[in-house]
Each structure stands twice: as C-alpha cells, then as structure tokens.
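A.B. asks: You'll find data-v9.pdb just under this line, and it carries PDB, C-alpha atoms.
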ATOM      1  CA  MET A   1       0.000   0.000   0.000
ATOM      2  CA  ARG A   2       1.514   3.256  -1.149
ATOM      3  CA  GLY A   3       0.106   6.552  -2.391
ATOM      4  CA  LEU A   4      -3.241   8.301  -1.966
ATOM      5  CA  TYR A   5      -5.658   6.852   0.569
ATOM      6  CA  LEU A   6      -9.130   8.139  -0.328
ATOM      7  CA  VAL A   7     -11.588   8.682   2.511
ATOM      8  CA  THR A   8     -15.154   9.393   1.435
ATOM      9  CA  PRO A   9     -17.147  12.440   2.561
ATOM     10  CA  ASN A  10     -20.636  12.523   4.081
ATOM     11  CA  TRP A  11     -22.382  12.588   0.716
ATOM     12  CA  ASP A  12     -25.854  11.098   0.402
ATOM     13  CA  ASP A  13     -25.726  11.303  -3.407
ATOM     14  CA  THR A  14     -24.386   7.863  -4.335
ATOM     15  CA  GLU A  15     -24.034   8.673  -8.030
ATOM     16  CA  LYS A  16     -21.921  11.743  -7.251
ATOM     17  CA  LEU A  17     -19.840   9.754  -4.763
ATOM     18  CA  ILE A  18     -19.144   6.978  -7.265
ATOM     19  CA  ALA A  19     -18.258   9.405 -10.068
ATOM     20  CA  ALA A  20     -15.696  11.280  -7.959
ATOM     21  CA  THR A  21     -14.216   8.068  -6.566
ATOM     22  CA  ASP A  22     -14.012   6.552 -10.040
ATOM     23  CA  ALA A  23     -12.051   9.565 -11.274
ATOM     24  CA  ALA A  24      -9.629   9.381  -8.347
ATOM     25  CA  LEU A  25      -9.116   5.644  -8.708
ATOM     26  CA  GLY A  26      -8.553   6.063 -12.422
ATOM     27  CA  ALA A  27      -5.836   8.584 -11.560
ATOM     28  CA  GLY A  28      -4.040   6.098  -9.338
ATOM     29  CA  ALA A  29      -5.504   6.271  -5.815
ATOM     30  CA  ALA A  30      -4.283   3.266  -3.861
ATOM     31  CA  LEU A  31      -7.039   2.581  -1.352
ATOM     32  CA  VAL A  32     -10.583   3.715  -0.489
ATOM     33  CA  GLN A  33     -12.153   3.996   2.945
ATOM     34  CA  TYR A  34     -15.925   4.304   3.049
ATOM     35  CA  ARG A  35     -16.718   6.762   5.822
ATOM     36  CA  HIS A  36     -20.142   8.383   6.136
ATOM     37  CA  LYS A  37     -20.790   9.359   9.718
ATOM     38  CA  GLU A  38     -24.364  10.536   9.099
ATOM     39  CA  ALA A  39     -25.763   7.755   6.891
ATOM     40  CA  GLY A  40     -28.411   5.314   8.030
ATOM     41  CA  PRO A  41     -27.976   1.557   7.614
ATOM     42  CA  ASP A  42     -29.700   1.330   4.221
ATOM     43  CA  LEU A  43     -27.721   4.157   2.637
ATOM     44  CA  ARG A  44     -24.478   2.848   4.138
ATOM     45  CA  LYS A  45     -25.040  -0.579   2.643
ATOM     46  CA  GLU A  46     -26.046   0.848  -0.746
ATOM     47  CA  GLN A  47     -23.007   3.099  -0.978
ATOM     48  CA  ALA A  48     -20.558   0.559   0.383
ATOM     49  CA  ALA A  49     -21.723  -2.076  -2.107
ATOM     50  CA  ALA A  50     -21.457   0.381  -4.990
ATOM     51  CA  LEU A  51     -17.969   1.427  -3.893
ATOM     52  CA  LEU A  52     -16.888  -2.184  -3.518
ATOM     53  CA  ALA A  53     -17.978  -2.953  -7.089
ATOM     54  CA  LEU A  54     -16.079   0.123  -8.283
ATOM     55  CA  CYS A  55     -12.954  -0.818  -6.340
ATOM     56  CA  ARG A  56     -13.104  -4.333  -7.759
ATOM     57  CA  ARG A  57     -13.124  -2.907 -11.289
ATOM     58  CA  HIS A  58     -10.057  -0.823 -10.487
ATOM     59  CA  GLY A  59      -8.293  -3.579  -8.560
ATOM     60  CA  ARG A  60      -8.087  -1.487  -5.394
ATOM     61  CA  PRO A  61      -9.130  -2.381  -1.822
ATOM     62  CA  LEU A  62     -12.147  -0.950  -0.023
ATOM     63  CA  VAL A  63     -12.133  -0.695   3.759
ATOM     64  CA  ILE A  64     -15.128   0.259   5.880
ATOM     65  CA  ASN A  65     -14.853   2.838   8.651
ATOM     66  CA  ASP A  66     -16.120   1.544  12.005
ATOM     67  CA  HIS A  67     -18.711  -0.995  10.856
ATOM     68  CA  LEU A  68     -17.406  -4.541  11.166
ATOM     69  CA  ASP A  69     -20.874  -5.908  10.422
ATOM     70  CA  LEU A  70     -21.066  -4.026   7.123
ATOM     71  CA  CYS A  71     -17.596  -5.199   6.135
ATOM     72  CA  GLN A  72     -18.660  -8.772   6.729
ATOM     73  CA  ALA A  73     -22.040  -8.349   5.020
ATOM     74  CA  ILE A  74     -20.600  -7.177   1.707
ATOM     75  CA  ASP A  75     -17.226  -8.951   2.010
ATOM     76  CA  ALA A  76     -15.228  -5.732   1.805
ATOM     77  CA  ASP A  77     -11.454  -5.864   2.021
ATOM     78  CA  GLY A  78     -11.253  -4.716   5.615
ATOM     79  CA  VAL A  79     -12.054  -2.115   8.260
ATOM     80  CA  HIS A  80     -10.568   1.033   9.718
ATOM     81  CA  LEU A  81     -11.018   1.464  13.460
ATOM     82  CA  GLY A  82     -10.751   4.403  15.825
ATOM     83  CA  HIS A  83     -10.129   4.283  19.535
ATOM     84  CA  THR A  84     -13.856   4.073  20.304
ATOM     85  CA  ASP A  85     -14.508   1.248  17.870
ATOM     86  CA  ASP A  86     -14.133  -2.501  18.295
ATOM     87  CA  GLY A  87     -10.540  -3.331  19.011
ATOM     88  CA  VAL A  88      -8.021  -4.350  16.393
ATOM     89  CA  GLN A  89      -7.591  -7.735  18.023
ATOM     90  CA  GLU A  90     -11.328  -8.438  17.891
ATOM     91  CA  ALA A  91     -11.560  -7.293  14.275
ATOM     92  CA  ARG A  92      -8.655  -9.500  13.291
ATOM     93  CA  ALA A  93     -10.253 -12.484  15.008
ATOM     94  CA  LEU A  94     -13.581 -11.881  13.260
ATOM     95  CA  LEU A  95     -12.265 -11.044   9.792
ATOM     96  CA  GLY A  96      -9.330 -13.426   9.561
ATOM     97  CA  LYS A  97      -5.707 -12.944   8.639
ATOM     98  CA  ASP A  98      -6.261 -11.895   5.013
ATOM     99  CA  LYS A  99      -8.407  -8.812   5.599
ATOM    100  CA  ILE A 100      -7.082  -5.280   6.133
ATOM    101  CA  VAL A 101      -7.438  -3.909   9.660
ATOM    102  CA  GLY A 102      -6.359  -0.288   9.990
ATOM    103  CA  ALA A 103      -6.075   1.663  13.228
ATOM    104  CA  SER A 104      -6.252   5.358  14.057
ATOM    105  CA  CYS A 105      -3.422   6.177  16.436
ATOM    106  CA  TYR A 106      -3.888   9.958  16.503
ATOM    107  CA  GLY A 107      -0.702  11.495  17.901
ATOM    108  CA  GLU A 108       0.289   8.626  20.166
ATOM    109  CA  LEU A 109       3.038   6.142  19.450
ATOM    110  CA  ALA A 110       1.728   3.975  22.290
ATOM    111  CA  LEU A 111      -1.498   3.446  20.353
ATOM    112  CA  GLY A 112       0.549   2.517  17.310
ATOM    113  CA  ARG A 113       2.510  -0.052  19.291
ATOM    114  CA  ALA A 114      -0.696  -1.540  20.689
ATOM    115  CA  ALA A 115      -2.264  -1.711  17.223
ATOM    116  CA  VAL A 116       0.780  -3.436  15.762
ATOM    117  CA  GLU A 117       0.793  -5.923  18.620
ATOM    118  CA  ALA A 118      -2.920  -6.617  18.092
ATOM    119  CA  GLY A 119      -2.459  -7.407  14.402
ATOM    120  CA  ALA A 120      -3.114  -4.160  12.522
ATOM    121  CA  SER A 121      -2.342  -4.003   8.805
ATOM    122  CA  TYR A 122      -1.415  -0.313   8.971
ATOM    123  CA  VAL A 123      -1.355   2.531  11.479
ATOM    124  CA  ALA A 124      -2.687   6.038  10.845
ATOM    125  CA  PHE A 125      -1.404   9.151  12.601
ATOM    126  CA  GLY A 126      -2.925  12.632  12.640
ATOM    127  CA  GLY A 127      -4.206  15.219  12.456
ATOM    128  CA  PHE A 128      -1.207  17.102  11.302
ATOM    129  CA  TYR A 129      -3.049  20.141   9.917
ATOM    130  CA  PRO A 130      -6.452  21.773  10.518
ATOM    131  CA  SER A 131      -9.176  19.754   8.814
ATOM    132  CA  PRO A 132     -12.543  20.992   7.512
ATOM    133  CA  VAL A 133     -14.007  17.534   8.205
ATOM    134  CA  LYS A 134     -12.455  16.149  11.391
ATOM    135  CA  LYS A 135     -12.079  18.533  14.321
ATOM    136  CA  TYR A 136      -8.896  17.541  16.113
ATOM    137  CA  THR A 137      -8.240  18.734  19.644
ATOM    138  CA  PHE A 138      -4.500  18.276  19.167
ATOM    139  CA  VAL A 139      -1.795  18.670  16.537
ATOM    140  CA  THR A 140       0.482  15.740  15.746
ATOM    141  CA  PRO A 141       4.135  16.798  15.418
ATOM    142  CA  PRO A 142       5.830  15.627  12.200
ATOM    143  CA  GLU A 143       8.772  14.352  14.263
ATOM    144  CA  LEU A 144       6.540  11.560  15.567
ATOM    145  CA  LEU A 145       6.749   9.987  12.102
ATOM    146  CA  ASP A 146      10.511   9.564  12.384
ATOM    147  CA  GLN A 147      10.136   7.415  15.472
ATOM    148  CA  ALA A 148       7.139   5.566  14.030
ATOM    149  CA  ARG A 149       9.082   4.744  10.875
ATOM    150  CA  ALA A 150      12.012   3.526  12.948
ATOM    151  CA  GLU A 151       9.769   1.256  15.028
ATOM    152  CA  PHE A 152       7.116  -0.021  12.617
ATOM    153  CA  SER A 153       7.639  -2.026   9.443
ATOM    154  CA  LEU A 154       3.980  -1.954   8.398
ATOM    155  CA  PRO A 155       2.502   0.922   6.346
ATOM    156  CA  ILE A 156       2.092   4.319   7.987
ATOM    157  CA  VAL A 157      -0.758   6.661   7.013
ATOM    158  CA  VAL A 158      -0.991  10.406   7.687
ATOM    159  CA  ILE A 159      -4.289  12.278   7.897
ATOM    160  CA  GLY A 160      -5.640  15.687   8.799
ATOM    161  CA  GLY A 161      -6.052  18.612   6.395
ATOM    162  CA  MET A 162      -3.857  17.003   3.754
ATOM    163  CA  THR A 163      -3.042  18.755   0.481
ATOM    164  CA  PRO A 164      -0.336  17.728  -1.982
ATOM    165  CA  SER A 165       1.858  20.617  -0.834
ATOM    166  CA  ASN A 166       1.587  20.157   2.927
ATOM    167  CA  ALA A 167       1.780  16.363   2.659
ATOM    168  CA  ALA A 168       5.096  16.516   0.789
ATOM    169  CA  PRO A 169       7.343  17.038   3.855
ATOM    170  CA  LEU A 170       5.584  14.169   5.635
ATOM    171  CA  VAL A 171       6.132  11.844   2.696
ATOM    172  CA  THR A 172       9.860  12.596   2.859
ATOM    173  CA  ARG A 173       9.835  11.169   6.396
ATOM    174  CA  GLY A 174       9.069   7.769   4.939
ATOM    175  CA  ILE A 175       5.310   7.419   5.268
ATOM    176  CA  ASP A 176       3.411   5.188   2.865
ATOM    177  CA  LEU A 177      -0.056   6.677   2.422
ATOM    178  CA  VAL A 178      -1.638  10.128   2.573
ATOM    179  CA  ALA A 179      -5.320  10.071   3.535
ATOM    180  CA  ALA A 180      -7.454  12.834   2.032
ATOM    181  CA  ILE A 181     -11.119  13.747   1.897
ATOM    182  CA  THR A 182     -11.763  17.381   0.973
ATOM    183  CA  SER A 183      -8.676  17.884  -1.184
ATOM    184  CA  VAL A 184     -10.034  15.260  -3.583
ATOM    185  CA  TYR A 185     -13.794  15.205  -3.160
ATOM    186  CA  GLY A 186     -14.001  18.978  -2.828
ATOM    187  CA  SER A 187     -11.972  19.496  -5.988
ATOM    188  CA  ARG A 188     -13.498  20.387  -9.327
ATOM    189  CA  ASP A 189     -11.295  17.665 -10.804
ATOM    190  CA  PRO A 190     -10.878  14.719  -8.413
ATOM    191  CA  GLY A 191      -8.686  12.918 -10.934
ATOM    192  CA  ALA A 192      -6.215  15.790 -11.121
ATOM    193  CA  ALA A 193      -6.193  16.056  -7.328
ATOM    194  CA  ALA A 194      -5.480  12.341  -7.029
ATOM    195  CA  ARG A 195      -2.632  12.580  -9.545
ATOM    196  CA  ALA A 196      -1.084  15.435  -7.558
ATOM    197  CA  PHE A 197      -1.041  13.276  -4.439
ATOM    198  CA  GLY A 198       0.283  10.304  -6.404
ATOM    199  CA  ALA A 199       3.151  12.413  -7.727
ATOM    200  CA  LEU A 200       4.489  12.610  -4.151
ATOM    201  CA  PHE A 201       5.298   8.902  -4.401
ATOM    202  CA  PRO A 202       7.757   8.266  -7.252
ATOM    203  CA  PRO A 203       8.039   4.696  -8.486
ATOM    204  CA  ALA A 204      10.149   2.574  -6.176
TER     205      ALA A 204
END
What is this structure when it is put down as structure tokens?
C.D. replies:
Amino acid sequence: MRGLYLVTPNWDDTEKLIAATDAALGAGAALVQYRHKEAGPDLRKEQAAALLALCRRHGRPLVINDHLDLCQAIDADGVHLGHTDDGVQEARALLGKDKIVGASCYGELALGRAAVEAGASYVAFGGFYPSPVKKYTFVTPPELLDQARAEFSLPIVVIGGMTPSNAAPLVTRGIDLVAAITSVYGSRDPGAAARAFGALFPPA
C-alpha cells in the first residue's frame, strides 16, 4: 500500500460519490475507505456495495470505517477502526488474517505499538493540519513519524487537512499513504487532485 488513501465524505448522493471516486481511482488512488458518519444503515449498505464494485473494477481495496458488520455483510477488504470502535484484536479475530485492519493512532506512538501488537495491517497518525471535516483537539508533530518509521515495518498513514503541498514534507519522512477527503472530493477535478497526491510517491 503506497500513495493516496481516499476517505469518502458525508455525501448522500451515491451517483456523485461513485463518479468522484471513479475519477480518483482512475488517476491512481491506492485505497478507499468508506466513511459516512451521518448515513443510516440502508444508505451505508447501498453506498458501500457500490464502492466495492467500483474498487473491484479498479483492482483497489475498499475498507469500511467503524462498521465490522457491514464489512462482513458485503465482504469488503477490511475495516478502519478508531479508539472508540471494536478493538483491532477483535476485528482481526472476526475477519481473519487476510483482511485489512487499519487503526487510528492519533498522535500517540503507544497506540501505534498496541495496534501493531494486536495485528493491525497499517497505522494512521494525525491530524497534522487543521481539517474541515475532522475537528482535532490536538496537533500531531511531524517528528513523531521519524520514530514511528524507525519502530514499525507496516505501512504508515498520515491524515488531517492534507493537500499535496503540505503532505510533501511528511512523505519525505518515509510514510506510505496520505489520507485525504476534501482535497479530492471537494476538488473540481478529483482525478487531477489524485494525480497530484500520487506524484508525491515516485516509483520505487
């Protein structure tokens, strides 16, 4: 996993959501997380199933934010969990060894260590910058990534107000994925936005 990590906005318009995601995936986005904090169960299932079909066409994984039951119901590629969600260890036990289990670690290396120990597939740190979507009560220092990279061999994700320009210095610290919502979905050209993020990650 390397490159742009798409996180969906709270859009009820499934057709609009799929069109923007399709453009970003076509431009090279590496991973999609379905996250709609305001959707009811029916809309969540509709959108997640549509996104899964889209991700299958592009050969990219879809992970579900929070909802283990939805991940299991549609056989998505995994889940992303925050500190208030079911634990990484429980998710790994329920989903098996082949599914993706991501963990939000905020600005705390201790949470990263615990997630790695519990079987996480990747760890996400942030927010690093002010976000129009997620209201962080703290700012994660970029220096934390140096220690995280030294300790963890699994992929590291950064999140929080990401743009191609402000993500660039974090990428140089060795992170693997930049998670973005507004910079892509709020763009007039989601494909161009996705390409700009992808350009931060030259071919290995």
A.B. asks: Can you turn the PyMOL selection byres ((chain A and resi 118) around 12) into a concrete residue list for this file, as a CSV table (one decimal) with C-alpha atoms, in the frame of the given file?
C.D. replies:
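Result went into selection_32.csv, see below:
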chain,number,residue,atom,x,y,z
A,86,ASP,CA,-14.1,-2.5,18.3
A,87,GLY,CA,-10.5,-3.3,19.0
A,88,VAL,CA,-8.0,-4.4,16.4
A,89,GLN,CA,-7.6,-7.7,18.0
A,90,GLU,CA,-11.3,-8.4,17.9
A,91,ALA,CA,-11.6,-7.3,14.3
A,92,ARG,CA,-8.7,-9.5,13.3
A,93,ALA,CA,-10.3,-12.5,15.0
A,97,LYS,CA,-5.7,-12.9,8.6
A,101,VAL,CA,-7.4,-3.9,9.7
A,102,GLY,CA,-6.4,-0.3,10.0
A,103,ALA,CA,-6.1,1.7,13.2
A,111,LEU,CA,-1.5,3.4,20.4
A,112,GLY,CA,0.5,2.5,17.3
A,113,ARG,CA,2.5,-0.1,19.3
A,114,ALA,CA,-0.7,-1.5,20.7
A,115,ALA,CA,-2.3,-1.7,17.2
A,116,VAL,CA,0.8,-3.4,15.8
A,117,GLU,CA,0.8,-5.9,18.6
A,119,GLY,CA,-2.5,-7.4,14.4
A,120,ALA,CA,-3.1,-4.2,12.5
A,121,SER,CA,-2.3,-4.0,8.8
A,122,TYR,CA,-1.4,-0.3,9.0
A,123,VAL,CA,-1.4,2.5,11.5
A.B. asks: If we count all atoms listed in the file, what is near region 54-66 of chain A at a cut-off of 8 Å, once residues fewer than 5 positions away on the same chain are taken out, given as a list in words?
C.D. replies: Ile18, Asp22, Leu25, Gly26, Ala30, Leu31, Val32, Gln33, Tyr34, Arg35, Ala48, Cys71, Ala76, Asp77, Gly78, Val79, His80, Leu81, Gly82, Asp85, Asp86 and Ile100 of chain A
A.B. asks: Quick one: which residues end up in the PyMOL selection byres ((chain A and resi 150-161) around 8) for this structure, as number ranges by chain?
C.D. replies: A: 1-2, 116, 121-132, 134, 146-149, 162-163, 170, 175-180, 182
A.B. asks: Please measure the separation of CA of Trp11 (chain A) and CA of Ala194 (chain A), giving the value in Å to one decimal.
C.D. replies: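 CA of Trp11 (chain A) sits 18.6 Å away from CA of Ala194 (chain A).
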A.B. asks: Please, which residues are within 10 Å of (4.8, 11.8, 0.2) by the file's coordinates, counting only C-alpha atoms, and could they come as a list in words?
C.D. replies: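 The distance filter leaves exactly Arg2, Gly3, Leu4, Val158, Pro164, Ser165, Asn166, Ala167, Ala168, Pro169, Leu170, Val171, Thr172, Arg173, Gly174, Ile175, Asp176, Leu177, Val178, Phe197, Gly198, Ala199, Leu200, Phe201 and Pro202 of chain A.
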A.B. asks: Report as a ChimeraX atom specification the full result of the PyMOL selection byres ((chain A and resi 9) around 10) when it is applied to this structure.
C.D. replies: /A:6-8,10-12,17,33-38,133,180-182,184-186
A.B. asks: One decimal, Å: what's the distance from CA of Gly28 (chain A) over to CA of Lys45 (chain A), could you say?
C.D. replies: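 Separation between CA of Gly28 (chain A) and CA of Lys45 (chain A): 25.1 Å.
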A.B. asks: With distances taken over all atoms listed in the file, which of A:Ala193, A:Ala24, A:Glu46, A:Leu95 is nearest to Asp69 (chain A)?
C.D. replies: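 The answer is A:Leu95, which sits nearest to Asp69 (chain A).
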A.B. asks: CA of Asp98 (chain A) to CA of Asp75 (chain A): how many Å, to one decimal?
C.D. replies: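 Interatomic distance, CA of Asp98 (chain A) to CA of Asp75 (chain A): 11.7 Å.
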A.B. asks: For each of A:Cys105, A:Leu51, A:Leu94, A:Ala27, take the minimum atom-to-atom distance to Thr140 (chain A), counting all atoms listed in the file, then give the residue where this is smallest.
C.D. replies: A:Cys105
A.B. asks: Could you check which of A:Pro203, A:Asp13, A:His67, A:Pro142 is closest to Pro41 (chain A), using all atoms listed in the file?
C.D. replies: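 Selected residue with least distance to Pro41 (chain A): A:His67.
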A.B. asks: Write out as JSON an axis-aligned box for region 100-106 of chain A: all of its atoms listed in the file, 6 Å added on each side, centre and edge lengths in Å with one decimal.
C.D. replies:
{"center_x": -5.4, "center_y": 2.3, "center_z": 11.3, "size_x": 16.0, "size_y": 27.2, "size_z": 22.4}
